[in-house]
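entry_32.txt follows; it contains compact mmCIF, C-alpha atoms.
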```txt
# COMPACT_ATOMS: atom_id res chain seq x y z
CA ARG A 592 45.85 80.78 130.42
CA ALA A 593 45.34 84.22 128.92
CA HIS A 594 46.90 85.71 132.02
CA ARG A 595 50.00 83.54 131.60
CA GLN A 596 50.31 84.48 127.93
CA GLY A 597 50.03 88.16 128.79
CA ALA A 598 52.77 87.83 131.38
CA ARG A 599 55.06 86.21 128.88
CA LEU A 600 54.42 88.96 126.35
CA ALA A 601 55.06 91.66 128.91
CA ALA A 602 58.34 90.15 130.07
CA PRO A 603 61.39 91.95 128.69
CA LEU A 604 63.32 90.17 126.01
CA ARG A 605 66.63 88.83 127.25
CA LYS A 606 69.55 88.82 124.87
CA LYS A 607 72.22 86.25 125.36
CA ALA A 608 75.59 87.79 126.14
CA PRO A 609 78.22 87.06 123.48
CA ARG A 610 80.32 84.13 124.52
CA PRO A 611 83.99 85.06 125.03
CA PRO A 612 86.66 83.16 123.12
CA ARG A 613 87.53 79.92 124.91
CA CYS A 614 91.14 81.01 125.33
CA CYS A 615 90.27 84.20 127.21
CA MET A 616 91.17 82.52 130.48
CA SER A 617 94.76 83.22 129.36
CA SER A 618 96.13 86.75 129.65
CA THR A 619 98.25 86.17 126.55
CA CYS A 620 95.42 85.14 124.25
CA MET A 621 95.97 86.91 120.92
CA GLU A 622 92.25 86.81 120.06
CA CYS A 623 91.55 88.79 123.22
CA LEU A 624 94.51 91.17 123.05
CA LEU A 625 94.39 92.26 119.43
CA PRO A 626 91.05 94.15 119.57
CA LEU A 627 92.50 96.25 122.41
CA LEU A 628 95.52 97.40 120.42
CA SER A 629 95.77 100.52 118.32
CA LEU A 630 96.27 99.59 114.68
CA SER A 631 97.26 102.96 113.21
CA TYR A 632 100.17 102.84 110.75
CA PRO A 633 103.06 102.93 110.18
CA HIS A 634 104.20 103.43 113.79
CA ALA A 635 101.38 102.31 116.05
CA SER A 636 101.54 102.12 119.83
CA ALA A 637 99.62 100.55 122.68
CA VAL A 638 99.63 100.61 126.47
CA GLY A 639 102.40 98.36 127.81
CA ARG A 640 102.56 96.37 131.02
CA GLU A 641 103.65 99.36 133.11
CA GLY A 642 100.98 101.71 131.79
CA ALA A 643 103.24 103.57 129.34
CA GLN A 644 102.75 103.79 125.61
CA GLU A 645 104.87 101.22 123.78
CA PRO A 646 105.33 100.82 120.02
CA LEU A 647 103.61 97.88 118.40
CA VAL A 648 105.66 95.28 116.59
CA GLU A 649 104.40 92.76 114.08
CA LEU A 650 105.04 89.12 114.92
CA TYR A 651 106.69 86.72 112.48
CA GLN A 652 107.28 83.05 111.91
CA LEU A 653 110.48 81.48 110.64
CA SER A 654 110.28 78.37 108.47
CA LEU A 655 113.15 75.92 108.91
CA PRO A 656 114.29 73.08 106.65
CA GLY A 657 112.23 70.01 107.41
CA GLY A 658 109.01 71.91 108.02
CA ALA A 659 109.60 73.21 111.56
CA VAL A 660 108.33 76.72 112.32
CA VAL A 661 109.71 79.10 114.97
CA ARG A 662 107.46 81.83 116.37
CA GLU A 663 108.81 82.38 119.89
CA TRP A 664 111.66 81.62 122.27
CA VAL A 665 110.21 78.27 123.28
CA GLY A 666 111.01 76.04 120.33
CA SER A 667 113.85 78.21 118.99
CA GLU A 668 116.61 76.02 120.43
CA ALA A 669 117.44 74.60 116.99
CA VAL A 670 118.15 78.07 115.57
CA ALA A 671 121.59 79.46 116.37
CA HIS A 672 122.32 83.02 117.38
CA LEU A 673 123.28 85.12 114.31
CA ARG A 674 121.95 82.51 111.87
CA PRO A 675 121.41 84.15 108.43
CA ILE A 676 117.71 84.52 107.64
CA PRO A 677 116.78 84.43 103.93
CA ALA A 678 113.79 86.59 103.06
CA ASP A 679 111.76 83.66 101.75
CA SER A 680 111.94 81.87 105.14
CA LEU A 681 110.34 84.72 107.09
CA ALA A 682 106.62 85.54 107.01
CA PRO A 683 104.14 87.52 109.16
CA ASN A 684 102.44 85.46 111.85
CA ALA A 685 98.81 85.90 110.72
CA GLY A 686 99.07 89.69 111.10
CA ALA A 687 99.48 89.49 114.89
CA MET A 688 100.81 92.59 116.68
CA VAL A 689 101.75 93.22 120.32
CA PRO A 690 103.52 95.97 122.30
CA ILE A 691 107.26 95.49 122.19
CA GLY A 692 107.33 94.80 125.94
CA ALA A 693 105.01 91.84 125.46
CA ALA A 694 107.22 90.53 122.65
CA HIS A 695 110.22 90.66 124.99
CA ASP A 696 108.33 89.05 127.88
CA ARG A 697 107.63 85.89 125.89
CA GLY A 698 110.43 86.03 123.33
CA LEU A 699 108.07 86.50 120.36
CA LEU A 700 109.77 86.73 116.96
CA HIS A 701 109.84 90.27 115.52
CA ARG A 702 112.05 92.43 113.28
CA GLY A 703 114.49 95.30 113.80
CA VAL A 704 117.61 97.02 112.46
CA TRP A 705 121.11 97.86 113.68
CA ILE A 706 122.73 100.78 111.88
CA GLY A 707 126.35 101.73 111.29
CA VAL A 708 126.29 105.52 110.79
CA LEU A 709 129.50 106.53 108.98
CA ARG A 710 131.33 109.80 108.44
CA GLY A 711 134.52 110.80 106.64
CA PRO A 712 136.22 109.44 103.52
CA ALA A 713 136.19 105.68 103.10
CA THR A 714 139.88 105.26 103.93
CA GLU A 715 139.47 107.24 107.20
CA ALA A 716 135.82 106.56 108.00
CA GLU A 717 134.49 106.64 111.56
CA LEU A 718 131.50 104.89 113.08
CA LEU A 719 128.97 106.48 115.45
CA LEU A 720 128.82 104.79 118.88
CA LEU A 721 126.18 105.58 121.49
CA GLN A 722 126.39 105.02 125.24
CA ARG A 723 123.08 104.30 126.94
CA SER A 724 122.01 106.18 130.05
CA ASP A 725 122.38 104.56 133.47
CA ARG A 726 118.63 105.11 133.98
CA VAL A 727 117.43 102.73 131.26
CA VAL A 728 116.37 99.19 132.18
CA THR A 729 118.14 97.32 129.36
CA CYS A 730 121.90 97.68 128.87
CA PRO A 731 122.52 100.69 131.14
CA THR A 732 125.84 102.50 130.40
CA ALA A 733 126.61 100.08 127.52
CA TRP A 734 127.97 101.20 124.13
CA GLY A 735 126.50 100.15 120.80
CA LEU A 736 125.15 101.22 117.42
CA VAL A 737 121.87 102.89 116.53
CA GLY A 738 119.05 100.35 116.74
CA GLU A 739 115.31 100.31 116.18
CA HIS A 740 112.41 97.85 116.06
CA SER A 741 110.42 97.64 112.85
CA ALA A 742 106.84 98.90 112.97
CA PRO A 743 104.04 96.74 111.51
CA SER A 744 104.32 96.35 107.72
CA GLU A 745 107.42 98.58 107.69
CA ALA A 746 110.15 97.73 105.17
CA TRP A 747 113.75 97.50 106.36
CA GLU A 748 114.82 100.76 104.68
CA SER A 749 111.85 102.63 106.11
CA THR A 750 112.83 101.47 109.60
CA VAL A 751 116.37 102.74 109.04
CA ARG A 752 115.15 106.16 107.91
CA ARG A 753 112.77 106.42 110.86
CA ALA A 754 115.51 105.36 113.29
CA VAL A 755 117.85 108.08 112.02
CA ARG A 756 115.07 110.63 112.30
CA GLU A 757 113.91 109.59 115.78
CA GLU A 758 117.21 108.56 117.39
CA LEU A 759 119.54 111.16 115.86
CA GLY A 760 117.12 114.01 115.15
CA VAL A 761 118.08 114.39 111.47
CA VAL A 762 116.28 113.57 108.23
CA ASP A 763 119.08 114.24 105.77
CA ILE A 764 120.46 110.90 104.57
CA ALA A 765 122.87 110.95 101.65
CA SER A 766 122.98 107.20 101.08
CA LEU A 767 122.28 103.90 102.80
CA GLY A 768 122.33 100.18 102.11
CA PRO A 769 122.15 96.70 103.64
CA LEU A 770 125.12 94.80 105.05
CA GLY A 771 124.66 91.18 104.02
CA VAL A 772 121.44 89.34 104.87
CA PRO A 773 119.47 89.70 108.12
CA VAL A 774 120.49 87.50 111.06
CA LEU A 775 118.63 86.10 114.04
CA PHE A 776 119.59 87.88 117.25
CA LYS A 777 118.89 85.81 120.39
CA SER A 778 119.53 86.96 123.93
CA ASN A 779 118.09 86.00 127.30
CA TYR A 780 119.11 89.16 129.15
CA SER A 781 118.36 87.60 132.53
CA ARG A 782 121.05 85.00 131.81
CA ASP A 783 123.39 86.84 129.41
CA GLY A 784 123.43 90.11 131.36
CA GLY A 785 122.18 93.55 130.49
CA LEU A 786 119.37 94.21 133.00
CA GLY A 787 121.51 96.17 135.43
CA GLY A 788 121.39 93.43 138.06
CA ARG A 789 117.60 93.58 138.37
CA ARG A 790 116.26 90.11 139.16
CA ASP A 791 112.63 91.20 138.97
CA ARG A 792 112.78 91.65 135.20
CA THR A 793 112.96 89.20 132.32
CA LYS A 794 113.71 89.91 128.69
CA LEU A 795 113.86 87.38 125.88
CA ASP A 796 114.92 89.04 122.64
CA LEU A 797 114.22 87.01 119.48
CA GLN A 798 114.68 89.46 116.64
CA VAL A 799 115.46 89.10 112.95
CA THR A 800 117.97 91.92 112.64
CA ALA A 801 118.97 93.65 109.42
CA LEU A 802 122.33 95.43 109.44
CA TYR A 803 122.61 98.68 107.46
CA TRP A 804 125.17 101.36 106.76
CA VAL A 805 124.11 105.03 106.55
CA ARG A 806 125.86 108.16 105.43
CA LEU A 807 124.26 111.42 106.53
CA ALA A 808 124.06 114.45 104.29
CA GLU A 809 126.93 116.92 104.50
CA GLY A 810 126.78 118.91 107.73
CA ALA A 811 124.04 116.74 109.29
CA GLU A 812 126.46 115.25 111.83
CA THR A 813 126.76 118.67 113.50
CA ARG A 814 122.99 118.73 114.12
CA LEU A 815 122.61 115.41 115.94
CA ARG A 816 120.09 115.45 118.80
CA PHE A 817 119.71 112.54 121.23
CA ASP A 818 116.98 111.65 123.69
CA ALA A 819 117.37 110.97 127.41
CA GLU A 820 118.30 107.32 126.81
CA VAL A 821 121.69 108.38 125.39
CA ALA A 822 124.31 109.53 127.90
CA ARG A 823 127.28 110.03 125.55
CA TRP A 824 128.27 109.54 121.95
CA ARG A 825 131.49 109.43 119.97
CA TRP A 826 132.95 108.63 116.56
CA ALA A 827 135.44 105.77 116.32
CA SER A 828 137.37 104.01 113.57
CA THR A 829 136.65 100.35 112.90
CA GLU A 830 140.11 99.60 114.31
CA ALA A 831 139.13 101.28 117.58
CA VAL A 832 135.90 99.27 117.64
CA ARG A 833 137.86 96.06 117.12
CA ALA A 834 140.13 97.01 120.05
CA MET A 835 137.08 97.60 122.25
CA LEU A 836 135.70 94.19 121.26
CA ALA A 837 138.99 92.53 122.17
CA ARG A 838 140.01 94.35 125.34
CA GLU A 839 137.01 96.26 126.70
CA ARG A 840 134.17 93.76 126.51
CA SER A 841 132.65 95.10 129.74
CA ARG A 842 131.74 98.31 127.91
CA LEU A 843 129.23 96.35 125.83
CA CYS A 844 125.87 95.09 127.09
CA ASN A 845 126.59 91.34 126.97
CA ASP A 846 128.32 88.73 124.83
CA LYS A 847 125.37 88.45 122.44
CA ILE A 848 125.62 92.16 121.64
CA ARG A 849 129.40 91.80 121.36
CA THR A 850 129.10 89.01 118.79
CA LEU A 851 126.57 91.05 116.79
CA LEU A 852 128.98 93.99 116.68
CA ASP A 853 131.83 91.61 115.85
CA HIS A 854 129.69 90.35 112.95
CA ALA A 855 128.91 93.88 111.75
CA VAL A 856 132.44 95.34 111.72
CA PRO A 857 133.85 93.19 108.86
CA LEU A 858 130.72 93.93 106.80
CA LEU A 859 131.22 97.65 107.36
CA GLU A 860 134.89 97.37 106.42
CA ALA A 861 133.99 95.50 103.23
CA HIS A 862 131.53 98.24 102.32
CA LEU A 863 134.14 100.93 102.99
CA ALA A 864 136.59 99.03 100.76
CA GLU A 865 133.98 99.14 97.98
CA GLU A 866 133.55 102.87 98.54
CA ALA A 867 137.30 103.42 98.40
CA ALA A 868 137.54 101.47 95.15
CA GLY A 869 134.67 103.44 93.65
CA ARG A 870 132.47 100.35 93.22
CA ARG A 871 129.58 101.36 95.46
CA LEU A 872 126.25 100.83 93.72
CA GLY A 873 123.93 103.80 93.32
CA PRO A 874 120.34 103.65 94.59
CA GLY A 875 118.92 103.00 91.11
CA GLU A 876 121.25 100.10 90.40
CA ARG A 877 120.66 98.68 93.90
CA ARG A 878 116.88 98.71 93.35
CA ARG A 879 117.24 97.13 89.92
CA ARG A 880 119.31 94.24 91.29
CA ARG A 881 117.07 93.82 94.31
CA TYR A 882 113.95 93.25 92.26
CA SER A 883 115.40 91.62 89.15
CA GLY A 884 116.57 88.50 90.99
CA GLU A 885 120.23 88.98 89.99
CA ASP A 886 121.24 89.13 93.62
CA ARG A 887 118.76 87.52 96.04
CA SER A 888 120.85 88.56 99.01
CA ARG A 889 119.75 92.15 98.41
CA ARG A 890 116.02 91.32 98.39
CA LEU A 891 115.56 92.06 102.06
CA ASP A 892 112.12 93.71 102.20
CA VAL A 893 109.36 91.55 103.63
```
Would you mind writing the file's structure down as structure tokens?
Amino acid sequence: RAHRQGARLAAPLRKKAPRPPRCCMSSTCMECLLPLLSLSYPHASAVGREGAQEPLVELYQLSLPGGAVVREWVGSEAVAHLRPIPADSLAPNAGAMVPIGAAHDRGLLHRGVWIGVLRGPATEAELLLLQRSDRVVTCPTAWGLVGEHSAPSEAWESTVRRAVREELGVVDIASLGPLGVPVLFKSNYSRDGGLGGRRDRTKLDLQVTALYWVRLAEGAETRLRFDAEVARWRWASTEAVRAMLARERSRLCNDKIRTLLDHAVPLLEAHLAEEAAGRRLGPGERRRRRYSGEDRSRRLDV
């Protein structure tokens, strides 16, 4: 008996291994993925599906009348493309974050901006158009505006300023502002077009998109620097953009992008009309209205 007791005392203590979350059999389990992601702010990144660093995006949920909630492509059928999204209907999805590639794989709801960069007097203003390189996976050789995904916890205006800095290489912004309320952009690129004919790729884009106008500081337009994803760039009047929408649709990525640009042009023209009439609000007055509740359509930060 003493011998048996001594053997038990001499035996090494065995610690039970922590039990993995039940959902870890799934490669998309958020409880398993999130500890692996870098959570540095405001522009975090993580390793994407092809081994490259990809920016993290925060996931959101959209509350619909009647109590329905949309978090991803599956279940978003009731929400139309370009539906206006009031700020009080959008909320973070429990702080979840994933690489942008993962968000596009499953069509997870996230945020981003599309920016109309303007130059020249209001009555003769021109809009900056960028043509994507033929080496990119999404929308090769297509024309469009400056766009950027929002980083976790990043306000709309901060995303716009970062996009101008990263995509155009300049930090000097004279003024900027929102164009209406954000809209829901929905595109299945495998079906709508825009993957360069590649059938081995899928992309489901479900993005709450805020439209903004930007005016660069004087002389900044001569210092623009683009990365390898941009093949060409040019300035065009809104009339020229309308002509491209009507007669040169093949120069755009797909019909979903075309309708987004078609939605943006009248908003830009309305803003330019305000500029021409001298009614453009200054930054101080815009902030006062945004937070006073006088104009809820301007309360776009989430």
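Of the listed residues A:Ala811, A:Leu647, A:Met835, A:Val704, the one whose atoms come nearest to Thr750 in chain A is A:Val704, with distances taken using all atoms listed in the file.
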State, in Å with one decimal place, the distance from CA of Leu767 in chain A to CA of Trp747 in chain A.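 For CA of Leu767 in chain A relative to CA of Trp747 in chain A, the distance reads 11.2 Å.
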Can you pull out the residues contacting range 648-663 of chain A? Cut-off 8 Å, using only C-alpha atoms, and skip same-chain residues under 2 positions away; I want them as a ChimeraX atom specification. /A:646,665-667,680-684,686-691,694,697-702,740-744,797
Identify, on the basis of only C-alpha atoms, every residue whose closest approach to range 770-783 of chain A does not exceed 9 Å; exclude the query and any residue fewer than 4 positions from it along the same chain; express the result as a ChimeraX atom specification. /A:664,670-678,698,704,729-730,788-790,792-804,844-848,851,855,858-859,862,888-891
Restricting the calculation to all atoms listed in the file, which member of A:Thr714, A:Ser724, A:Thr850, A:Thr732 is positioned closest to Ala822 in chain A?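 For Ala822 in chain A, the nearest of the given residues is A:Ser724.
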May I ask for the distance between CA of Thr813 in chain A and CA of Arg752 in chain A, given in Å to one decimal place? 18.0 Å
For the point (126.2, 114.9, 108.8) in the file's frame, write as a VMD selection string all residues with an atom no more than 12 Å away, counting all atoms listed in the file. chain A and resid 708 to 711 719 755 759 to 766 805 to 816
Which of these, A:Arg825, A:His695, A:Arg842, A:Arg723, has the shortest distance to Gly738 in chain A once you count only C-alpha atoms? A:Arg723
Students should find that CA of Trp734 in chain A and CA of Leu721 in chain A are spaced 5.4 Å
Tell me which of A:Ala819, A:Ala669, A:Ala864, A:Ala831 sits closest to Leu720 in chain A, counting all atoms listed in the file.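 Smallest distance to Leu720 in chain A is found for A:Ala831.
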